[in-house]
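Written below as C-alpha cells is the structure these notes are about.
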Amino acid sequence: MNIEELKSVASAIVAKQKGVLAADESNPTIKKRFASIQVESTEENRRRYREILFTTGGIERHVGGVILFDETLRQSTRDGIPFPQLLSSRGIIPGIKVDQGAKALALHPGDKVTEGLDGLRERLAEYKQLGAQFAKWRAVIEIDERDIPSPFGIRANAHALARYAALCQEAGLVPIVEPEVLMDGAHSIERCEVVTAQALQAVFAELDAHRVLFEGMLLKPNMVIAGKKCAQQASVLEVAAATLRCLRRYVPAAVPGIVFLSGGQSAEDATDHLNAMNAMGPQPWGVSFSYGRALQAPVLAAWQGQEDNVAAAQKALLNRCHLNGLARAGKYAHTMEGAA
Ligand code: 13P
C-alpha cells in the first residue's frame with residue numbers, strides 16, 4: 001500500500017467545499033427510486049440516469065468523489081466514455097460500493113451483518129483496474145425497543161468493516177467506513193447518541209486492531225438524530241451539537257474526513273445540519289457530505305424519466321451540490337433555498 005497516495009486521495013475527496021455524491025444504489029434500491037417516478041429500472045434507464053448525474057456541468061466544484069455501483073463502474077456515456085474515465089477527467093474521484101448488503105445475523109434475532117468479504121481481495125484488484133480509487137462498505141445498525149442492536153451485533157459489524165478497510169488499504173483504495181445507525185423507528189435522539197457512540201467505539205477499536213491507517217480512510221456516519229417516528233424531534237442546533245459531541249469522543253483526529261449519510265432526512269434538513277456543524281467549527285476532521293437521497297431526490301423529481309427534463313434535473317443536482325458545498329464551509333443559509 002502506498003500510504004501517501006491513500007492520504008492524498010482521502011484528503012482530496014473532502015477538500016474545501018467538497019463532498020461525495022453517493023450514486024451507488026444497488027439494482028433493487030434504484031428500482032424503488034425509479035418506481036417513485038414511474039420509470040422502469042432497465043439497464044439503459046439506469047445508465048442514462050447516471051449519465052445525467054455525471055455530466056452535470058459545475059458539480060466538480062463541490063463533488064470530490066462519486067460512489068458507483070458495480071454495474072455503473074462498467075457503463076459508459078452515449079459517446080462511449082467509461083464513467084470512471086469521465087469522472088476522473090472532470091477532477092472527480094470514482095469510488096465503488098463493495099459490500100453485498102446486510103443480512104440477518106445468525107442466532108441474533110433483530111441484528112444484521114453485512115456480507116461481501118469472501119473474494120473481496122480479488123474484486124478490489126479488478127475495481128482498481130477499472131479506475132476506482134476508493135470504496136464503500138455499509139453496516140446497518142437498527143434500533144428497536146428490545147435490546148437491539150445487541151453488543152455482539154455491533155461487534156460483528158465493526159469486525160467486518162475493519163476487515164474490509166484493511167483489504168482496501170492493502171489494495172491501494174481508500175476505504176469509506178460506514179456504520180449506519182438507522183433513523184427508522186420511534187427512538188429518542190438520546191438513544192441514537194448512545195448507540196452511535198457504541199458503534200463508533202467498536203469500529204475504531206477494530207480498525208486499530210486490523211492495522212488500518214486512520215489517515216488513509218474516511219468515516220461515513222449517521223447524524224445523531226431522533227427516529228423518524230419519534231414525536232420529540234430535536235432542533236438543528238441540537239442535532240449538530242449531539243453529533244459533534246459523539247464524534248469528538250470516538251473519532252481520532254487522524255481521520256481526514258467525516259462524510260455524513262443523509263439516511264432519509266429531507267434534502268434541506270441534511271444541508272442545514274451539515275452547515276450547523278461546520279459553523280460550530282473548526283473541527284479536528286473535515287466535516288462533509290456523502291449523500292444519496294438528499295442530493296438525488298430533487299433530481300429524480302425534476303427528471304421523471306423524460307429527456308425534455310434533463311436540463312431541469314441537472315440544475316436541481318447542481319443546486320444541491322452548491323448548497324451542500326456551502327454547508328461544508330458553514331456558509332449556507334436557509335434563505336438560499338428556492339433562490340436557484
Ligand atoms: P443516503 O444519503 O440516501 O442515506 O445514502 C447514502 C449512502 O450511501 C447509504 O449507504
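Here's how to read the names in the C-alpha cells: chain A, B, ... by the order shown, residue numbers from 1 in each chain, ligand numbers from 1 in the order shown.
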
Determine, using only C-alpha atoms and all ligand atoms, which residues of chain A have any atom at most 6 Å from an atom of ligand 1, and tabulate each with its shortest atom pair and distance in Å to one decimal place, rows ordered by chain and then rising number, as CSV.
```
residue,atom,partner,partner_atom_place_in_ligand_line,distance
A:Ala22,CA,ligand 1,8 (O),4.9
A:Arg138,CA,ligand 1,10 (O),5.6
A:Leu261,CA,ligand 1,2 (O),4.1
A:Ser262,CA,ligand 1,2 (O),3.5
A:Gly263,CA,ligand 1,4 (O),3.2
A:Gly264,CA,ligand 1,4 (O),5.8
A:Tyr291,CA,ligand 1,2 (O),3.6
A:Gly292,CA,ligand 1,2 (O),3.6
A:Arg293,CA,ligand 1,3 (O),3.7
A:Ala294,CA,ligand 1,2 (O),5.7
```

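Residues lying within 10 Å of Met223 (chain A), counting only C-alpha atoms and ignoring same-chain neighbours fewer than 6 positions away, are A:Glu180, A:Val181, A:Leu182, A:Met183, A:Ile189, A:Cys192, A:Glu193, A:Thr196, A:Val239, A:Ala240, A:Ala242, A:Thr243, A:Leu244, A:Cys246, A:Leu247, A:Phe260, A:Leu261, A:Ser262, A:Gly263, A:Gln265, A:Ala270, A:His273, A:Leu274.
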
Taking 2 positions as the minimum chain separation for residues in the same chain, which residues sit within 10 Å of Arg90 (chain A) when counting only C-alpha atoms? Answer as a short mmCIF file (atom, residue, chain, number, x, y, z; two decimals) with N, CA and C atoms, in the first residue's frame.
```
data_model
loop_
_atom_site.label_atom_id
_atom_site.label_comp_id
_atom_site.auth_asym_id
_atom_site.auth_seq_id
_atom_site.Cartn_x
_atom_site.Cartn_y
_atom_site.Cartn_z
N PHE A 54 -23.63 12.46 -13.90
CA PHE A 54 -22.18 12.62 -14.00
C PHE A 54 -21.76 13.67 -15.04
N THR A 55 -22.67 14.04 -15.95
CA THR A 55 -22.31 15.05 -16.95
C THR A 55 -22.83 16.44 -16.56
N GLY A 57 -22.75 19.94 -15.53
CA GLY A 57 -21.67 20.92 -15.50
C GLY A 57 -21.59 21.61 -14.14
N GLY A 58 -20.39 21.78 -13.64
CA GLY A 58 -20.20 22.55 -12.42
C GLY A 58 -20.17 21.74 -11.13
N ILE A 59 -20.64 20.48 -11.15
CA ILE A 59 -20.66 19.74 -9.87
C ILE A 59 -19.25 19.46 -9.35
N GLU A 60 -18.26 19.49 -10.27
CA GLU A 60 -16.89 19.20 -9.84
C GLU A 60 -16.39 20.23 -8.81
N ARG A 61 -17.04 21.37 -8.74
CA ARG A 61 -16.63 22.36 -7.73
C ARG A 61 -16.97 21.89 -6.31
N GLY A 64 -16.12 15.89 -4.71
CA GLY A 64 -14.75 15.39 -4.79
C GLY A 64 -14.72 13.94 -5.21
N GLN A 85 -13.71 7.03 -16.25
CA GLN A 85 -12.82 7.91 -17.02
C GLN A 85 -13.42 9.32 -17.14
N LEU A 86 -14.72 9.37 -17.39
CA LEU A 86 -15.41 10.66 -17.47
C LEU A 86 -15.24 11.45 -16.17
N LEU A 87 -15.49 10.77 -15.05
CA LEU A 87 -15.41 11.45 -13.75
C LEU A 87 -13.98 11.92 -13.49
N SER A 88 -13.00 11.03 -13.70
CA SER A 88 -11.60 11.41 -13.46
C SER A 88 -11.20 12.61 -14.31
N ILE A 92 -13.12 14.48 -10.61
CA ILE A 92 -13.95 13.83 -9.59
C ILE A 92 -13.44 12.39 -9.43
N ILE A 93 -13.19 11.98 -8.19
CA ILE A 93 -12.59 10.67 -7.96
C ILE A 93 -13.67 9.59 -7.95
#
```

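The two atoms in question, CA of Ala253 (chain A) and CA of Gly216 (chain A), are spaced 12.2 Å apart.
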
Which one of A:Lys220, A:Lys16, A:Arg74, A:Arg48 sits closest to Glu307 (chain A) if you count only C-alpha atoms?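 Using only C-alpha atoms, the shortest distance to Glu307 (chain A) belongs to A:Arg48.
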
Which distance in Å separates CA of Leu200 (chain A) and CA of Leu167 (chain A), to one decimal? 19.7 Å

For a quick check of understanding, using only C-alpha atoms, which of A:Ala197, A:Val174, A:Ala279, A:Ala166 has the smallest distance to Phe134 (chain A)?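 Residue with the minimum atom-to-atom distance to Phe134 (chain A): A:Val174.
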
Please produce, as JSON lines, a per-residue contact table for region 120-219 of chain A versus region 229-232 of chain A (criterion: any atom at most 6 Å away, only C-alpha atoms considered), showing the nearest atom pair and its distance in Å to one decimal, sorted by chain then residue number.
```
{"residue": "A:Gly185", "atom": "CA", "partner": "A:Lys229", "partner_atom": "CA", "distance": 5.4}
{"residue": "A:Ala186", "atom": "CA", "partner": "A:Cys230", "partner_atom": "CA", "distance": 4.1}
{"residue": "A:His187", "atom": "CA", "partner": "A:Cys230", "partner_atom": "CA", "distance": 5.9}
```

Helix (DSSP H, G or I) per DSSP on the backbone: members of region 106-331 of chain A, as a VMD selection string: chain A and resid 120 to 129 151 to 171 189 to 209 214 to 216 236 to 250 267 to 279 293 to 303 307 to 328

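For the pair CA of Ala226 (chain A) and CA of Glu190 (chain A), the interatomic distance is 7.6 Å.
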
Residue neighbourhood Pro94 (chain A), 6 Å, only C-alpha atoms, exclusion window fewer than 4 positions, as JSON, numbers by chain: {"A": [65, 66, 84, 132]}

Could you write out the selected residues, including all heavy atoms, as an mmCIF file, in the first residue's frame?
```
data_model
loop_
_atom_site.group_PDB
_atom_site.id
_atom_site.type_symbol
_atom_site.label_atom_id
_atom_site.label_comp_id
_atom_site.auth_asym_id
_atom_site.auth_seq_id
_atom_site.Cartn_x
_atom_site.Cartn_y
_atom_site.Cartn_z
ATOM 1 N N GLY A 65 -15.806 13.211 -4.934
ATOM 2 C CA GLY A 65 -15.857 11.792 -5.278
ATOM 3 C C GLY A 65 -17.289 11.351 -5.526
ATOM 4 O O GLY A 65 -18.230 11.956 -5.012
ATOM 5 N N VAL A 66 -17.435 10.319 -6.354
ATOM 6 C CA VAL A 66 -18.754 9.722 -6.595
ATOM 7 C C VAL A 66 -18.650 8.240 -6.292
ATOM 8 O O VAL A 66 -17.696 7.583 -6.735
ATOM 9 C CB VAL A 66 -19.206 9.910 -8.065
ATOM 10 C CG1 VAL A 66 -20.492 9.137 -8.330
ATOM 11 C CG2 VAL A 66 -19.424 11.382 -8.395
ATOM 12 N N PRO A 84 -15.971 5.881 -15.095
ATOM 13 C CA PRO A 84 -14.831 6.256 -14.235
ATOM 14 C C PRO A 84 -13.889 7.231 -14.934
ATOM 15 O O PRO A 84 -13.387 8.169 -14.314
ATOM 16 C CB PRO A 84 -14.117 4.924 -13.955
ATOM 17 C CG PRO A 84 -15.039 3.855 -14.364
ATOM 18 C CD PRO A 84 -16.059 4.429 -15.300
ATOM 19 N N ALA A 132 -11.420 2.716 -10.022
ATOM 20 C CA ALA A 132 -11.867 3.162 -8.690
ATOM 21 C C ALA A 132 -10.650 3.501 -7.822
ATOM 22 O O ALA A 132 -9.624 2.825 -7.884
ATOM 23 C CB ALA A 132 -12.694 2.065 -8.012
#
```

Between A:Arg46, A:Asn275, A:Thr335, A:Glu71, which one has atoms that come closest to Ile30 (chain A), using only C-alpha atoms? A:Arg46

Which is closest to Leu295 (chain A) among A:Val251, A:Ala23, A:Pro256, A:Leu107, if we use only C-alpha atoms?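 When distances to Leu295 (chain A) are compared using only C-alpha atoms, the smallest one comes from A:Ala23.
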
Write out as an MDAnalysis selection string all residues of region 171-268 of chain A that DSSP puts in strand (DSSP E or B) for this structure's backbone. chainID A and resid 174:181 218:219 257:260

Would you please work out which residue, of A:Ala15, A:Val98, A:Ala104, A:Ile141, is nearest to Glu122 (chain A) when using only C-alpha atoms? A:Val98

Which residues are close to Phe289 (chain A), i.e. within 6 Å by only C-alpha atoms, leaving aside same-chain residues fewer than 5 positions away? Reply as a short mmCIF file (atom, residue, chain, number, x, y, z; two decimals) with C-alpha atoms, in the first residue's frame.
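Output below, filename out-v8.cif:
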```
data_model
loop_
_atom_site.label_atom_id
_atom_site.label_comp_id
_atom_site.auth_asym_id
_atom_site.auth_seq_id
_atom_site.Cartn_x
_atom_site.Cartn_y
_atom_site.Cartn_z
CA GLY A 19 -18.09 16.19 -0.53
CA VAL A 20 -19.30 12.94 -2.07
CA VAL A 259 -18.77 12.40 5.26
CA PHE A 260 -22.30 12.02 6.55
#
```

Fewer than 3 positions away in the same chain doesn't count, so skip those; otherwise give me all residues within 7 Å of region 49-53 of chain A, counting only C-alpha atoms, as a ChimeraX atom specification. /A:45-46,56,77,310,314

Using only C-alpha atoms, can you tell me which of A:Leu218, A:Ala254, A:Ala327, A:Leu173 comes closest to Tyr127 (chain A)? A:Leu173

Neighbouring residues of Ile154 (chain A) were defined as those with any atom within 9 Å, considering only C-alpha atoms; residues of the same chain fewer than 4 positions away were excluded. Please report them as a PyMOL selection string. chain A and resi 111+113+141+149-150+158-159+198-199+202-203
